[in-house]
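Peer 1: Coordinates in model13.cif, mmCIF, C-alpha atoms and all ligand atoms, are listed below.
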```cif
data_start
loop_
_atom_site.label_atom_id
_atom_site.label_comp_id
_atom_site.auth_asym_id
_atom_site.auth_seq_id
_atom_site.Cartn_x
_atom_site.Cartn_y
_atom_site.Cartn_z
CA MET A 1 -12.48 -13.58 -13.48
CA ASN A 2 -16.18 -13.06 -14.24
CA PRO A 3 -18.66 -10.71 -12.60
CA ASP A 4 -20.51 -12.31 -9.70
CA LYS A 5 -24.20 -11.74 -9.33
CA ILE A 6 -24.86 -11.07 -5.65
CA ILE A 7 -28.56 -10.41 -6.10
CA GLU A 8 -30.56 -9.11 -9.06
CA ASN A 9 -28.78 -6.03 -10.47
CA VAL A 10 -25.98 -6.08 -7.89
CA PHE A 11 -22.64 -7.47 -9.02
CA ARG A 12 -19.11 -7.92 -7.81
CA LEU A 13 -16.39 -7.10 -10.33
CA PRO A 14 -13.29 -8.86 -9.01
CA ALA A 15 -9.75 -8.13 -10.14
CA THR A 16 -6.86 -10.38 -9.21
CA VAL A 17 -3.38 -9.13 -8.50
CA CYS A 18 -0.93 -11.93 -8.48
CA CYS A 19 1.68 -13.35 -6.46
CA LYS A 20 4.93 -11.62 -7.35
CA GLU A 21 3.58 -8.17 -6.56
CA LEU A 22 3.96 -6.50 -3.18
CA PHE A 23 0.85 -5.06 -1.54
CA GLU A 24 1.43 -1.39 -0.67
CA GLY A 25 4.89 -1.93 -2.18
CA ILE A 26 6.00 -3.78 0.95
CA TRP A 27 3.88 -6.82 1.86
CA PRO A 28 4.36 -10.13 0.03
CA ILE A 29 1.21 -11.66 -1.44
CA PRO A 30 2.25 -15.17 -2.51
CA ASN A 31 -1.45 -16.04 -2.71
CA GLY A 32 -2.29 -12.82 -4.54
CA VAL A 33 -4.92 -10.30 -3.55
CA MET A 34 -8.35 -9.46 -4.95
CA ILE A 35 -9.54 -5.93 -5.58
CA ASN A 36 -13.32 -5.91 -5.77
CA SER A 37 -15.45 -3.22 -7.31
CA TYR A 38 -19.24 -3.41 -7.12
CA LEU A 39 -21.86 -2.42 -9.65
CA ILE A 40 -25.41 -1.58 -8.66
CA LYS A 41 -28.01 -1.06 -11.38
CA GLY A 42 -30.88 0.86 -9.91
CA SER A 43 -34.06 1.35 -11.93
CA GLU A 44 -32.98 4.97 -12.55
CA LYS A 45 -29.26 5.25 -11.88
CA THR A 46 -26.19 3.05 -12.08
CA VAL A 47 -23.50 3.13 -9.43
CA LEU A 48 -19.95 1.82 -9.36
CA ILE A 49 -18.59 1.39 -5.85
CA ASP A 50 -14.78 1.60 -5.66
CA TYR A 51 -12.53 0.90 -8.59
CA VAL A 52 -8.99 -0.30 -9.17
CA LYS A 53 -5.53 0.84 -10.10
CA ASP A 54 -3.86 -0.11 -13.34
CA TRP A 55 -1.95 -2.85 -11.54
CA ASP A 56 -1.15 -6.31 -12.87
CA GLY A 57 -4.03 -6.09 -15.33
CA ALA A 58 -6.64 -5.18 -12.70
CA GLU A 59 -8.14 -2.32 -14.70
CA GLU A 60 -8.52 -4.41 -17.86
CA GLU A 61 -10.05 -7.20 -15.80
CA VAL A 62 -12.74 -4.99 -14.25
CA ASN A 63 -13.40 -3.24 -17.57
CA SER A 64 -13.93 -6.56 -19.33
CA GLU A 65 -16.39 -7.53 -16.57
CA LEU A 66 -18.24 -4.26 -17.12
CA ASP A 67 -18.31 -5.15 -20.85
CA GLU A 68 -19.76 -8.54 -19.99
CA LEU A 69 -22.56 -6.76 -18.14
CA ASN A 70 -22.95 -4.46 -21.12
CA ILE A 71 -22.02 -1.39 -19.08
CA LYS A 72 -19.93 1.36 -20.65
CA GLU A 73 -18.26 4.18 -18.71
CA ARG A 74 -20.96 6.58 -19.94
CA ASP A 75 -23.63 4.37 -18.34
CA ILE A 76 -22.25 4.98 -14.85
CA ASP A 77 -24.06 7.81 -13.08
CA TYR A 78 -22.24 7.69 -9.74
CA LEU A 79 -18.77 6.62 -8.65
CA VAL A 80 -18.70 5.93 -4.94
CA VAL A 81 -15.23 6.30 -3.45
CA ASN A 82 -15.37 4.56 -0.09
CA HIS A 83 -11.63 4.94 0.36
CA MET A 84 -9.05 6.98 -1.47
CA GLU A 85 -6.09 4.59 -1.39
CA PRO A 86 -4.88 4.10 -4.96
CA ASP A 87 -5.60 0.34 -5.04
CA HIS A 88 -9.25 1.48 -5.26
CA THR A 89 -8.90 4.78 -7.10
CA GLY A 90 -5.71 4.66 -9.20
CA ALA A 91 -7.59 4.32 -12.50
CA LEU A 92 -10.55 6.53 -11.57
CA VAL A 93 -9.50 9.27 -13.97
CA ASP A 94 -9.88 6.87 -16.90
CA ILE A 95 -13.60 6.59 -16.14
CA VAL A 96 -13.94 10.35 -15.60
CA ASN A 97 -12.18 11.05 -18.93
CA LYS A 98 -14.64 8.82 -20.77
CA ASN A 99 -17.61 10.08 -18.78
CA PRO A 100 -16.94 13.69 -17.67
CA GLY A 101 -20.45 14.00 -16.27
CA VAL A 102 -20.06 11.18 -13.76
CA GLN A 103 -20.74 12.26 -10.20
CA ILE A 104 -18.20 11.21 -7.57
CA LEU A 105 -19.52 10.57 -4.06
CA CYS A 106 -17.07 10.41 -1.20
CA SER A 107 -16.50 11.60 2.35
CA LYS A 108 -15.55 15.22 3.05
CA LYS A 109 -11.97 14.22 3.84
CA ALA A 110 -11.61 12.50 0.47
CA VAL A 111 -12.33 15.69 -1.49
CA PRO A 112 -8.88 17.33 -1.18
CA LEU A 113 -7.26 13.95 -1.77
CA LEU A 114 -9.08 13.57 -5.09
CA GLU A 115 -7.45 16.82 -6.17
CA ALA A 116 -4.03 15.99 -4.71
CA PHE A 117 -3.86 12.52 -6.23
CA TYR A 118 -5.73 12.97 -9.50
CA GLY A 119 -6.43 16.67 -10.07
CA LEU A 120 -10.18 16.01 -9.78
CA THR A 121 -12.10 19.06 -8.56
CA SER A 122 -15.52 18.99 -10.18
CA ASN A 123 -18.63 16.82 -10.05
CA ILE A 124 -17.69 15.76 -6.55
CA HIS A 125 -20.21 15.59 -3.74
CA ALA A 126 -19.06 15.06 -0.15
CA VAL A 127 -21.69 12.91 1.52
CA SER A 128 -22.37 13.14 5.22
CA ASP A 129 -22.79 10.34 7.72
CA GLY A 130 -26.16 8.68 7.17
CA GLU A 131 -26.88 10.52 3.92
CA THR A 132 -28.84 8.50 1.39
CA LEU A 133 -28.91 8.32 -2.38
CA ASP A 134 -32.02 7.29 -4.27
CA ILE A 135 -31.21 5.37 -7.46
CA GLY A 136 -34.75 4.33 -8.30
CA ASP A 137 -35.75 1.04 -6.77
CA LYS A 138 -32.72 1.03 -4.50
CA THR A 139 -31.29 3.34 -1.85
CA LEU A 140 -27.67 3.71 -0.82
CA LYS A 141 -26.72 4.95 2.62
CA PHE A 142 -23.25 6.20 3.48
CA ILE A 143 -21.74 5.31 6.82
CA MET A 144 -18.60 7.11 7.97
CA THR A 145 -16.03 4.66 9.31
CA PRO A 146 -12.90 6.82 9.65
CA ASN A 147 -9.55 5.05 9.74
CA VAL A 148 -10.75 1.72 8.50
CA HIS A 149 -8.29 2.15 6.81
CA TRP A 150 -7.46 5.90 6.51
CA PRO A 151 -9.25 9.01 7.83
CA GLU A 152 -11.51 9.50 4.81
CA THR A 153 -12.88 5.97 4.84
CA MET A 154 -16.59 5.27 4.68
CA MET A 155 -18.77 2.27 3.91
CA THR A 156 -21.83 2.11 1.66
CA TYR A 157 -24.99 0.25 2.60
CA LEU A 158 -27.65 -0.93 0.19
CA VAL A 159 -30.71 -0.32 2.31
CA GLU A 160 -33.36 -2.53 0.68
CA ASP A 161 -31.12 -5.58 0.43
CA LYS A 162 -29.07 -4.97 3.60
CA ILE A 163 -25.74 -5.33 1.82
CA LEU A 164 -22.68 -3.58 3.23
CA PHE A 165 -19.87 -2.54 0.89
CA SER A 166 -17.06 -2.25 3.38
CA CYS A 167 -13.97 -1.57 1.26
CA ASP A 168 -10.83 -2.49 3.31
CA GLY A 169 -12.86 -3.44 6.37
CA PHE A 170 -13.42 -7.23 6.68
CA GLY A 171 -10.95 -7.76 3.83
CA SER A 172 -8.15 -10.26 3.40
CA TYR A 173 -5.25 -11.24 1.20
CA GLY A 174 -5.61 -14.15 -1.21
CA ILE A 175 -7.33 -14.98 -4.48
CA TYR A 176 -10.35 -17.26 -4.18
CA GLU A 177 -11.95 -19.13 -7.08
CA ASN A 178 -15.21 -19.22 -5.17
CA SER A 179 -16.80 -15.87 -4.49
CA PHE A 180 -19.04 -16.42 -1.45
CA ASP A 181 -18.33 -17.78 2.03
CA ASP A 182 -20.87 -20.58 1.61
CA GLN A 183 -19.05 -21.82 -1.51
CA LEU A 184 -15.52 -21.97 -0.13
CA THR A 185 -13.68 -25.27 -0.12
CA LYS A 186 -11.74 -26.43 2.93
CA GLU A 187 -8.52 -25.38 1.17
CA GLU A 188 -9.96 -21.91 0.60
CA TRP A 189 -10.94 -21.57 4.26
CA ASP A 190 -7.45 -22.74 5.22
CA LEU A 191 -6.13 -19.87 3.13
CA LEU A 192 -8.72 -17.24 4.01
CA LEU A 193 -8.43 -17.36 7.79
CA PRO A 194 -4.63 -16.90 8.12
CA GLU A 195 -4.58 -14.46 5.19
CA THR A 196 -7.25 -12.38 6.94
CA GLU A 197 -5.07 -12.29 10.06
CA ARG A 198 -1.95 -11.34 8.11
CA TYR A 199 -3.85 -8.66 6.16
CA PHE A 200 -5.20 -7.26 9.43
CA ALA A 201 -1.77 -7.28 11.12
CA ASN A 202 -0.14 -5.61 8.11
CA ILE A 203 -2.82 -3.08 7.17
CA ILE A 204 -5.40 -2.49 9.89
CA SER A 205 -3.76 -3.26 13.26
CA SER A 206 -2.67 0.35 13.89
CA PHE A 207 -6.29 1.39 13.52
CA SER A 208 -7.78 -1.24 15.83
CA ALA A 209 -9.57 1.27 18.05
CA PHE A 210 -11.25 2.78 14.98
CA CYS A 211 -12.10 -0.68 13.73
CA LEU A 212 -13.85 -1.51 17.02
CA ARG A 213 -15.67 1.82 16.87
CA ALA A 214 -16.88 1.01 13.35
CA ILE A 215 -18.02 -2.45 14.46
CA ASP A 216 -19.96 -0.87 17.35
CA LYS A 217 -21.57 1.57 14.94
CA LEU A 218 -22.55 -1.28 12.59
CA GLU A 219 -24.26 -3.15 15.43
CA THR A 220 -27.47 -1.27 14.76
CA VAL A 221 -27.30 -2.02 11.03
CA GLU A 222 -28.99 -5.18 9.83
CA ILE A 223 -26.55 -6.91 7.47
CA ASN A 224 -27.39 -9.75 5.08
CA ALA A 225 -24.03 -9.67 3.30
CA ILE A 226 -20.66 -8.00 3.66
CA CYS A 227 -18.88 -7.17 0.42
CA PRO A 228 -15.30 -6.10 1.07
CA SER A 229 -12.92 -4.78 -1.55
CA HIS A 230 -10.37 -7.51 -0.79
CA GLY A 231 -11.33 -11.17 -0.47
CA VAL A 232 -14.64 -13.02 -0.48
CA ILE A 233 -18.24 -11.98 0.03
CA TRP A 234 -19.72 -12.97 3.37
CA ARG A 235 -23.40 -13.68 2.67
CA ASP A 236 -23.95 -16.89 4.63
CA HIS A 237 -22.41 -15.75 7.90
CA PRO A 238 -21.54 -12.05 7.69
CA GLU A 239 -21.41 -12.08 11.46
CA GLN A 240 -18.38 -14.37 11.20
CA ALA A 241 -16.42 -11.68 9.35
CA VAL A 242 -17.40 -9.19 12.04
CA ALA A 243 -16.40 -11.63 14.81
CA ILE A 244 -12.99 -12.25 13.22
CA TYR A 245 -12.30 -8.53 12.91
CA LYS A 246 -13.56 -7.87 16.43
CA ARG A 247 -11.21 -10.53 17.81
CA LEU A 248 -8.24 -9.21 15.83
CA ALA A 249 -8.90 -5.58 16.77
CA SER A 250 -9.37 -6.58 20.42
CA TYR A 251 -5.81 -7.95 20.54
CA ALA A 252 -4.74 -4.28 20.70
CA LYS A 253 -6.44 -4.01 24.07
CA GLY A 254 -5.05 -7.21 25.57
CA LYS A 255 -7.36 -10.13 24.91
CA ARG A 256 -4.60 -12.05 23.14
CA GLU A 257 -3.83 -15.73 22.62
CA LYS A 258 -1.70 -17.85 24.96
CA GLU A 259 1.04 -17.85 22.39
CA ILE A 260 4.65 -16.72 22.14
CA THR A 261 6.23 -15.53 18.93
CA LEU A 262 9.91 -16.44 18.85
CA VAL A 263 11.62 -14.43 16.15
CA TRP A 264 15.31 -14.95 15.70
CA SER A 265 18.25 -14.10 13.47
CA SER A 266 21.79 -15.34 13.52
CA MET A 267 25.03 -14.53 11.70
CA TYR A 268 27.24 -17.56 12.34
CA GLY A 269 24.98 -19.81 14.39
CA ASN A 270 25.89 -18.68 17.91
CA THR A 271 22.49 -17.05 18.50
CA LYS A 272 20.74 -19.89 16.69
CA THR A 273 22.22 -22.34 19.21
CA LEU A 274 19.87 -21.05 21.92
CA VAL A 275 16.68 -21.30 19.84
CA ASP A 276 16.10 -24.92 20.84
CA SER A 277 16.48 -24.12 24.54
CA VAL A 278 13.94 -21.30 24.23
CA ILE A 279 11.45 -23.53 22.40
CA LYS A 280 11.85 -26.27 25.02
CA GLY A 281 11.34 -23.69 27.79
CA ILE A 282 8.06 -22.54 26.25
CA GLU A 283 6.91 -26.08 25.56
CA SER A 284 7.64 -27.09 29.16
CA VAL A 285 4.47 -25.16 30.06
CA PRO A 286 1.36 -26.93 28.76
CA GLY A 287 -1.16 -24.69 27.04
CA VAL A 288 1.26 -22.19 25.50
CA LYS A 289 1.88 -22.35 21.77
CA VAL A 290 5.06 -21.11 20.12
CA HIS A 291 5.49 -19.62 16.64
CA VAL A 292 9.10 -19.73 15.42
CA LEU A 293 10.21 -17.39 12.65
CA GLN A 294 13.69 -16.63 11.38
CA VAL A 295 14.48 -13.24 9.87
CA PRO A 296 15.37 -12.00 7.32
CA GLN A 297 14.59 -15.41 5.78
CA THR A 298 10.93 -14.88 6.71
CA HIS A 299 9.37 -11.55 5.71
CA GLU A 300 8.30 -9.38 8.63
CA SER A 301 4.74 -9.44 7.27
CA TYR A 302 4.47 -12.96 8.75
CA VAL A 303 6.18 -11.95 11.98
CA LEU A 304 3.56 -9.23 12.48
CA GLU A 305 0.77 -11.74 11.87
CA LYS A 306 2.00 -14.02 14.66
CA ALA A 307 3.20 -11.29 17.03
CA TRP A 308 -0.14 -9.47 16.77
CA ARG A 309 -2.05 -12.41 18.25
CA SER A 310 0.62 -13.44 20.81
CA GLU A 311 0.80 -12.43 24.44
CA GLY A 312 4.58 -12.91 24.48
CA ILE A 313 7.46 -12.16 22.15
CA ILE A 314 11.00 -13.49 22.40
CA VAL A 315 13.62 -12.06 20.10
CA GLY A 316 17.02 -13.56 19.42
CA MET A 317 19.61 -11.45 17.66
CA PRO A 318 23.37 -10.94 17.83
CA THR A 319 25.12 -7.62 18.22
CA TYR A 320 26.21 -6.28 14.84
CA GLU A 321 28.59 -3.31 14.72
CA TYR A 322 27.68 -2.32 18.32
CA LYS A 323 23.95 -2.40 17.59
CA MET A 324 21.19 -4.94 16.91
CA PHE A 325 21.54 -7.24 13.94
CA PRO A 326 19.84 -4.99 11.30
CA PRO A 327 17.04 -7.37 10.21
CA MET A 328 15.83 -7.50 13.84
CA TYR A 329 15.95 -3.72 14.13
CA SER A 330 13.66 -3.61 11.12
CA VAL A 331 11.28 -6.15 12.68
CA LEU A 332 11.05 -4.21 15.95
CA ASP A 333 10.60 -0.94 14.09
CA GLN A 334 7.72 -2.46 12.15
CA MET A 335 6.19 -3.93 15.32
CA ASP A 336 6.36 -0.46 16.86
CA ARG A 337 4.65 1.11 13.83
CA SER A 338 1.98 -1.61 13.93
CA HIS A 339 1.22 -0.84 17.58
CA ILE A 340 2.26 -4.24 18.92
CA THR A 341 2.25 -2.97 22.48
CA ASN A 342 1.85 -4.13 26.08
CA ARG A 343 3.14 -7.63 25.53
CA LYS A 344 5.79 -9.57 27.42
CA ILE A 345 9.18 -9.63 25.78
CA ALA A 346 12.59 -11.23 26.37
CA ARG A 347 15.75 -11.38 24.30
CA PHE A 348 18.83 -13.51 23.80
CA GLY A 349 21.85 -13.26 21.57
CA SER A 350 25.59 -13.42 21.20
CA TYR A 351 28.27 -10.82 20.64
CA GLY A 352 31.83 -11.13 19.41
CA TRP A 353 34.07 -8.23 20.30
CA SER A 354 31.63 -5.94 22.05
CA GLY A 355 27.95 -5.89 23.02
CA GLY A 356 25.55 -3.10 22.13
CA ALA A 357 22.33 -4.75 20.92
CA LEU A 358 20.62 -4.17 24.28
CA LYS A 359 21.21 -0.41 24.16
CA GLN A 360 19.38 -0.19 20.85
CA PHE A 361 16.71 -2.68 21.95
CA LEU A 362 15.60 -0.92 25.15
CA PRO A 363 14.04 2.15 23.45
CA PHE A 364 11.67 -0.24 21.64
CA VAL A 365 10.71 -1.73 25.01
CA ASP A 366 9.78 1.76 26.22
CA SER A 367 8.08 2.86 23.03
CA MET A 368 5.93 -0.27 22.83
CA LYS A 369 5.31 -0.36 26.61
CA LEU A 370 6.59 -3.93 26.74
CA ASP A 371 7.10 -5.94 29.91
CA PHE A 372 10.80 -6.88 29.57
CA LEU A 373 11.39 -10.11 31.46
CA GLY A 374 15.13 -10.22 30.87
CA GLU A 375 17.81 -11.38 28.50
CA VAL A 376 20.51 -13.99 28.00
CA GLU A 377 23.53 -12.45 26.33
CA TYR A 378 26.91 -14.10 25.95
CA GLN A 379 30.24 -13.66 24.18
CA GLY A 380 30.88 -16.15 21.41
CA SER A 381 28.98 -19.40 21.73
CA PRO A 382 26.57 -20.09 24.59
CA SER A 383 27.60 -22.19 27.57
CA GLU A 384 25.44 -24.90 29.12
CA GLU A 385 24.59 -22.33 31.78
CA ASP A 386 23.40 -19.91 29.09
CA LYS A 387 21.18 -22.63 27.61
CA LYS A 388 19.69 -23.30 31.03
CA LYS A 389 19.04 -19.58 31.57
CA ALA A 390 17.34 -19.31 28.17
CA PHE A 391 15.14 -22.32 29.00
CA GLU A 392 14.18 -20.75 32.34
CA LEU A 393 13.50 -17.31 30.86
CA ALA A 394 11.21 -18.78 28.20
CA ALA A 395 9.45 -21.02 30.74
CA THR A 396 8.93 -18.03 33.05
CA MET A 397 7.24 -16.08 30.27
CA ALA A 398 5.03 -19.04 29.38
CA LYS A 399 4.04 -19.59 33.05
CA GLN A 400 3.15 -15.92 33.46
CA ILE A 401 0.97 -16.07 30.36
CA ILE A 402 -0.92 -19.07 31.73
CA GLU A 403 -1.25 -17.60 35.23
CA GLU A 404 -2.35 -14.13 34.16
CA GLN A 405 -5.06 -15.15 31.71
FE1 LIG B 1 -7.33 -1.48 -0.09
FE2 LIG B 1 -6.41 0.98 2.21
O1 LIG B 1 -6.68 0.20 0.51
#
```
Show me, as structure tokens, the structure contained in the file I just sent.
Ligand code: FEO

Peer 2:
Amino acid sequence: MNPDKIIENVFRLPATVCCKELFEGIWPIPNGVMINSYLIKGSEKTVLIDYVKDWDGAEEEVNSELDELNIKERDIDYLVVNHMEPDHTGALVDIVNKNPGVQILCSKKAVPLLEAFYGLTSNIHAVSDGETLDIGDKTLKFIMTPNVHWPETMMTYLVEDKILFSCDGFGSYGIYENSFDDQLTKEEWDLLLPETERYFANIISSFSAFCLRAIDKLETVEINAICPSHGVIWRDHPEQAVAIYKRLASYAKGKREKEITLVWSSMYGNTKTLVDSVIKGIESVPGVKVHVLQVPQTHESYVLEKAWRSEGIIVGMPTYEYKMFPPMYSVLDQMDRSHITNRKIARFGSYGWSGGALKQFLPFVDSMKLDFLGEVEYQGSPSEEDKKKAFELAATMAKQIIEEQ
């Protein structure tokens, strides 16, 4: 891609990582992901905010954009490390090697990580919350936002122009031809909104309380544009990015959608047979939406996206070797790690020779503080009575969701 001019002397340097890669080595990105660095040319000093990893050509892409702006490594006075995760720092050493005098600015917690990851120990200054940096005609202010996404995270604010460089915060999956929110096509919006939700559910959800704390802290900061390190720049309606993140982070506390995520898996079709009854049970209650996902055919990244926003979860899985069918164990384990807590849950599923899935399922109910409404379990294929029970169980969950909200 090309550098984007945000305002005079402030540029985005976008890198695109494409579709066959896995984000964090685990999450599918069929629509790719952008890794944005930002260049600020002050009248006296030049600053690069966040960088990239040598990943799918990202480093070459950003370097060619720097070339286009006629900036060499030696021209960079300060490297701001908002966040240490290697998608933003993996190639940092390449700049330091070409410009040993460059000053790295980061939070105090990032300092030992710079040594642990990259052996960097000199020319590092740990900035404090609210500290400013004068680069001539512009001033940068550093705002500590721990755990958005890891403990050392901070954001950088360009004071004169009211631009917030937020790194992972307000980010999303997806590659977008257009750079700014006011330029996006309908197709790009249709990609951006769900890919923001999936990114949040995969990456940020565990840190929702910190995210809300950061949003509260930013309330006193006047913001003309939000420049995240993943996704598009919000300059027309930065408050929309904040509102989306506030809504998503608030799901942790209970203000969720009237939706049920039905995630199911089946070996020979005997668990699948009840899926229709469950869907009909949910749909018998107007106002409750159902998301249906089959695993392992659908990656759990997408299950997390839907489960995160849903008030209810119904899981269907058979017993497999006296335990849960393994793909569903993996889904529940990931939901637990992602702090998908305090929702309603129910289960259904078949067994052949012996049950056992429930015994392995119940510890997840405890760990995630779920409200377990019951189960329909049967040997072999389900009877008409089992189908009726599954319909009723699903309808009960849906009614409770309507009544309690
Ligand atoms: Fe984009 Fe937490 O790194």

Peer 1: Ligand LIG 1 (chain B): which residues are within 7 Å, counting all atoms listed in the file, as a PyMOL selection string?

Peer 2: chain A and resi 83+85-88+149-150+167-168+229-230

Peer 1: Between atom CA of A:Lys5 and atom CA of A:Gly90, measure the distance and give it in Å to one decimal.

Peer 2: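 Going from atom CA of A:Lys5 over to atom CA of A:Gly90 covers 24.7 Å.
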
Peer 1: Mind pulling up the distance from atom CA of A:Gly57 to atom CA of A:Ala15?

Peer 2: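 Taking atom CA of A:Ala15 as the start and atom CA of A:Gly57 as the end point, the length is 8.0 Å.
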
Peer 1: What does the structure give for the distance between atom CA of A:Arg347 and atom CA of A:Glu257, in Å to one decimal?

Peer 2: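 Value for the atom CA of A:Arg347-atom CA of A:Glu257 distance: 20.1 Å.
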
Peer 1: Neighbouring residues of A:Pro327 were defined as those with any atom within 10 Å, considering only C-alpha atoms; residues of the same chain fewer than 5 positions away were excluded. Please report them as a PyMOL selection string.

Peer 2: chain A and resi 264-266+294-297+299-300+317+332-333

Peer 1: For stretch 72-81 of chain A, list every protein, DNA or RNA residue within 6 Å, evaluated using all atoms listed in the file, and leave out those in the same chain fewer than 5 positions away; present the list as a ChimeraX atom specification.

Peer 2: /A:45-50,95,99,102-106

Peer 1: Restricted to C-alpha atoms, what would the selected residues look like written as an mmCIF file, keeping the file's coordinate frame?

Peer 2:
```cif
data_model
loop_
_atom_site.group_PDB
_atom_site.id
_atom_site.type_symbol
_atom_site.label_atom_id
_atom_site.label_comp_id
_atom_site.auth_asym_id
_atom_site.auth_seq_id
_atom_site.Cartn_x
_atom_site.Cartn_y
_atom_site.Cartn_z
ATOM 1 C CA LYS A 45 -29.260 5.250 -11.880
ATOM 2 C CA THR A 46 -26.190 3.050 -12.080
ATOM 3 C CA VAL A 47 -23.500 3.130 -9.430
ATOM 4 C CA LEU A 48 -19.950 1.820 -9.360
ATOM 5 C CA ILE A 49 -18.590 1.390 -5.850
ATOM 6 C CA ASP A 50 -14.780 1.600 -5.660
ATOM 7 C CA ILE A 95 -13.600 6.590 -16.140
ATOM 8 C CA ASN A 99 -17.610 10.080 -18.780
ATOM 9 C CA VAL A 102 -20.060 11.180 -13.760
ATOM 10 C CA GLN A 103 -20.740 12.260 -10.200
ATOM 11 C CA ILE A 104 -18.200 11.210 -7.570
ATOM 12 C CA LEU A 105 -19.520 10.570 -4.060
ATOM 13 C CA CYS A 106 -17.070 10.410 -1.200
#
```

Peer 1: Given the point (21.1, -8.7, 20.5) in the coordinates of this file, which residues lie within 12 Å, counting all atoms listed in the file, and how would they look as a compact mmCIF listing (two decimals) with C-alpha atoms, in the frame of the given file?

Peer 2:
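Contents of part.txt, as written:
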```
# COMPACT_ATOMS: atom_id res chain seq x y z
CA VAL A 263 11.62 -14.43 16.15
CA TRP A 264 15.31 -14.95 15.70
CA SER A 265 18.25 -14.10 13.47
CA SER A 266 21.79 -15.34 13.52
CA MET A 267 25.03 -14.53 11.70
CA ASN A 270 25.89 -18.68 17.91
CA THR A 271 22.49 -17.05 18.50
CA LYS A 272 20.74 -19.89 16.69
CA ILE A 314 11.00 -13.49 22.40
CA VAL A 315 13.62 -12.06 20.10
CA GLY A 316 17.02 -13.56 19.42
CA MET A 317 19.61 -11.45 17.66
CA PRO A 318 23.37 -10.94 17.83
CA THR A 319 25.12 -7.62 18.22
CA TYR A 320 26.21 -6.28 14.84
CA GLU A 321 28.59 -3.31 14.72
CA TYR A 322 27.68 -2.32 18.32
CA LYS A 323 23.95 -2.40 17.59
CA MET A 324 21.19 -4.94 16.91
CA PHE A 325 21.54 -7.24 13.94
CA PRO A 326 19.84 -4.99 11.30
CA PRO A 327 17.04 -7.37 10.21
CA MET A 328 15.83 -7.50 13.84
CA TYR A 329 15.95 -3.72 14.13
CA LEU A 332 11.05 -4.21 15.95
CA ALA A 346 12.59 -11.23 26.37
CA ARG A 347 15.75 -11.38 24.30
CA PHE A 348 18.83 -13.51 23.80
CA GLY A 349 21.85 -13.26 21.57
CA SER A 350 25.59 -13.42 21.20
CA TYR A 351 28.27 -10.82 20.64
CA GLY A 352 31.83 -11.13 19.41
CA SER A 354 31.63 -5.94 22.05
CA GLY A 355 27.95 -5.89 23.02
CA GLY A 356 25.55 -3.10 22.13
CA ALA A 357 22.33 -4.75 20.92
CA LEU A 358 20.62 -4.17 24.28
CA LYS A 359 21.21 -0.41 24.16
CA GLN A 360 19.38 -0.19 20.85
CA PHE A 361 16.71 -2.68 21.95
CA LEU A 362 15.60 -0.92 25.15
CA GLU A 375 17.81 -11.38 28.50
CA VAL A 376 20.51 -13.99 28.00
CA GLU A 377 23.53 -12.45 26.33
CA TYR A 378 26.91 -14.10 25.95
CA GLN A 379 30.24 -13.66 24.18
```

Peer 1: With all atoms listed in the file as the atoms that count, which of A:Ile233, A:Ile40, A:Leu212, A:Ala201 lies nearest to A:Phe180?

Peer 2: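 Once distances to A:Phe180 are computed over all atoms listed in the file, the minimum belongs to A:Ile233.
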
Peer 1: Find the residues around A:Pro3 up to 9 Å (only C-alpha atoms counted), leave out those fewer than 2 positions away in its own chain, and share them as a CSV table (one decimal) with C-alpha atoms, keeping the file's coordinate frame.

Peer 2:
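Final output, result_7.csv:
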```csv
chain,number,residue,atom,x,y,z
A,1,MET,CA,-12.5,-13.6,-13.5
A,5,LYS,CA,-24.2,-11.7,-9.3
A,11,PHE,CA,-22.6,-7.5,-9.0
A,12,ARG,CA,-19.1,-7.9,-7.8
A,13,LEU,CA,-16.4,-7.1,-10.3
A,14,PRO,CA,-13.3,-8.9,-9.0
A,62,VAL,CA,-12.7,-5.0,-14.2
A,65,GLU,CA,-16.4,-7.5,-16.6
A,66,LEU,CA,-18.2,-4.3,-17.1
A,68,GLU,CA,-19.8,-8.5,-20.0
A,69,LEU,CA,-22.6,-6.8,-18.1
```

Peer 1: Which residue is closest to A:Ser301? Choose from A:Asn202, A:Ser381, A:Thr396, A:Ser284 and count all atoms listed in the file.

Peer 2: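 When distances to A:Ser301 are compared using all atoms listed in the file, the smallest one comes from A:Asn202.
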
Peer 1: Using all atoms listed in the file, which residue out of A:Ala307, A:Val111, A:Ile204, A:Val33 lies closest to A:Val148?

Peer 2: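 With all atoms listed in the file as the atom set, the closest residue is A:Ile204.
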
Peer 1: Rank nothing, just name the residue among A:Gly169, A:Pro194, A:Gly287, A:Pro100 nearest to A:Ala249, using all atoms listed in the file.

Peer 2: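 Closest candidate: A:Gly169.
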